[in-house]
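Q: Dropping the structure in here first, questions after.
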Amino acid sequence: MRMDYVEAVLAIVRMVPAGSAVSYGDVAELLGSGGPRQVGAVMSHYGSGVPWWRILKASGHPPEGHDVEALRHYLAEGTPLRGDYADDERTGEGHWWVDLSTARWAPTEADLDRIDDVAGTLERRLHGLSVPDGGISL
């Protein structure tokens with residue numbers, strides 16, 4: 001996987017505020033590059049240093065195998081939840097998910113400008129070596 005893409009995904013993830021969340025597909029759409037699986041691969045391999053719990057499956061479920069730790073973050077941040085998260089805290093048996101309809105991050109104009117900068121930088125890095133005549137620029 002290209003490190004340019006990894007850096008761009010992680011830059012977007014860092015922007016998602018506490019108490020909010022987005023899906024893997026949302027991140028790809030904001031970047032205008034890749035898809036949910038590519039974003040998931042980045043998060044799986046490189047996401048431990050960013051607020052990974054804010055990036056979810058489209059269903060609102062946290063990353064596989066990280067539900068207990070993610071739930072702690074959601075409760076601390078006041079992230080809207082649905083289901084039996086209280087049972088999960090007590091017994092580990094609850095069925096819950098993030099309410100993405102309420103928690104989905106709505107970037108501000110300033111956020112969108114920053115996202116555009118990240119996406120533009122990624123685009124230039126991925127395609128900037130090509131020139132219109134098919135040659136390579138140096």
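The way I read the labels, and the way they are meant: chains A, B, ... in the order of the structure tokens, residue 1 as the first residue of every chain, and ligand 1 as the first ligand shown, with later ones counted on from there.
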Identify all residues of chain A in strand (DSSP E or B) (DSSP on the backbone) and supply them as a list in words.
A: Ala21, Val22, Ser23, Ile55, Leu56, Leu81, Arg82, Gly83, Trp96, Trp97, Val98, Arg104, Ser130 and Ile136 of chain A
Q: I want to know what sits within 6 Å of segment 39-53 of chain A, based on only C-alpha atoms, with residues of the same chain fewer than 6 positions away left out; could you give that as a short mmCIF file (atom, residue, chain, number, x, y, z; two decimals) with all heavy atoms, in the first residue's frame?
A:
```
data_model
loop_
_atom_site.label_atom_id
_atom_site.label_comp_id
_atom_site.auth_asym_id
_atom_site.auth_seq_id
_atom_site.Cartn_x
_atom_site.Cartn_y
_atom_site.Cartn_z
N VAL A 6 -1.82 6.06 2.88
CA VAL A 6 -1.87 5.83 4.33
C VAL A 6 -1.88 7.17 5.06
O VAL A 6 -2.71 7.41 5.94
CB VAL A 6 -0.68 4.96 4.79
CG1 VAL A 6 -0.58 4.93 6.31
CG2 VAL A 6 -0.79 3.56 4.22
N TYR A 24 -15.83 3.64 7.17
CA TYR A 24 -14.66 3.49 6.30
C TYR A 24 -14.95 4.10 4.92
O TYR A 24 -14.12 4.78 4.34
CB TYR A 24 -14.29 2.01 6.13
CG TYR A 24 -13.90 1.31 7.40
CD1 TYR A 24 -14.71 0.33 7.96
CD2 TYR A 24 -12.70 1.61 8.05
CE1 TYR A 24 -14.35 -0.33 9.13
CE2 TYR A 24 -12.33 0.95 9.20
CZ TYR A 24 -13.16 -0.01 9.75
OH TYR A 24 -12.80 -0.66 10.90
N ALA A 70 -13.23 -0.01 22.31
CA ALA A 70 -13.95 1.05 21.61
C ALA A 70 -15.11 1.57 22.46
O ALA A 70 -15.32 2.79 22.54
CB ALA A 70 -14.47 0.53 20.27
#
```
Q: Between atom CA of Thr79 of chain A and atom CA of Thr108 of chain A, measure the distance and give it in Å to one decimal.
A: 18.6 Å
Q: Excluding Gly35 of chain A and its own-chain neighbours fewer than 6 positions away, which residues fall within 8 Å of it when counting only C-alpha atoms? Please give them as a PDB file with C-alpha atoms, in the first residue's frame.
A:
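Output file around00.pdb is given in full below:
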```pdb
ATOM      1  CA  TYR A  24     -14.656   3.487   6.298  1.00  0.00           C
ATOM      2  CA  GLY A  25     -16.548   4.394   3.135  1.00  0.00           C
ATOM      3  CA  ALA A  28     -12.733   7.098   1.181  1.00  0.00           C
ATOM      4  CA  GLU A  29     -15.441   9.391  -0.162  1.00  0.00           C
TER       5      GLU A  29
END
```
Q: For Leu100 of chain A, which of A:Val27, A:Leu56, A:Val13, A:Ile115 is the closest residue, counting only C-alpha atoms?
A: A:Leu56
Q: Name the closest residue to Glu7 of chain A among the candidates A:Leu112, A:Val68, A:Ala106, A:Leu122; distances are taken between atoms, counting only C-alpha atoms.
A: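 With only C-alpha atoms as the atom set, the closest residue is A:Leu122.
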Q: As an MDAnalysis selection string, please: all residues of segment 2-132 of chain A that backbone DSSP puts in alpha helix (DSSP H).
A: chainID A and resid 3:15 24:31 36:46 67:77 85:91 100:103 109:127
Q: Could you check how far atom CA of Leu81 of chain A sits from atom CA of Glu64 of chain A, in Å to one decimal?
A: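 Interatomic distance here is 16.9 Å.
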Q: Which distance in Å separates atom CA of Val118 of chain A and atom CA of Gly60 of chain A, to one decimal?
A: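 Interatomic distance here is 25.2 Å.
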Q: Just checking: using only C-alpha atoms, which residue out of A:Thr121, A:Thr102, A:Ser20, A:Ser59 ends up closest to Leu75 of chain A?
A: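 Among the listed residues, the smallest separation from Leu75 of chain A belongs to A:Ser20.
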Q: Rank nothing, just name the residue among A:Leu31, A:Glu109, A:Ala21, A:Arg2 nearest to Glu123 of chain A, using only C-alpha atoms.
A: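 Under the stated criterion, the closest residue is A:Leu31.
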Q: Which residue, A:Arg82, A:Arg14, A:His95, A:Arg37, has the smallest gap to Asp67 of chain A when you use only C-alpha atoms?
A: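 Once distances to Asp67 of chain A are computed over only C-alpha atoms, the minimum belongs to A:His95.
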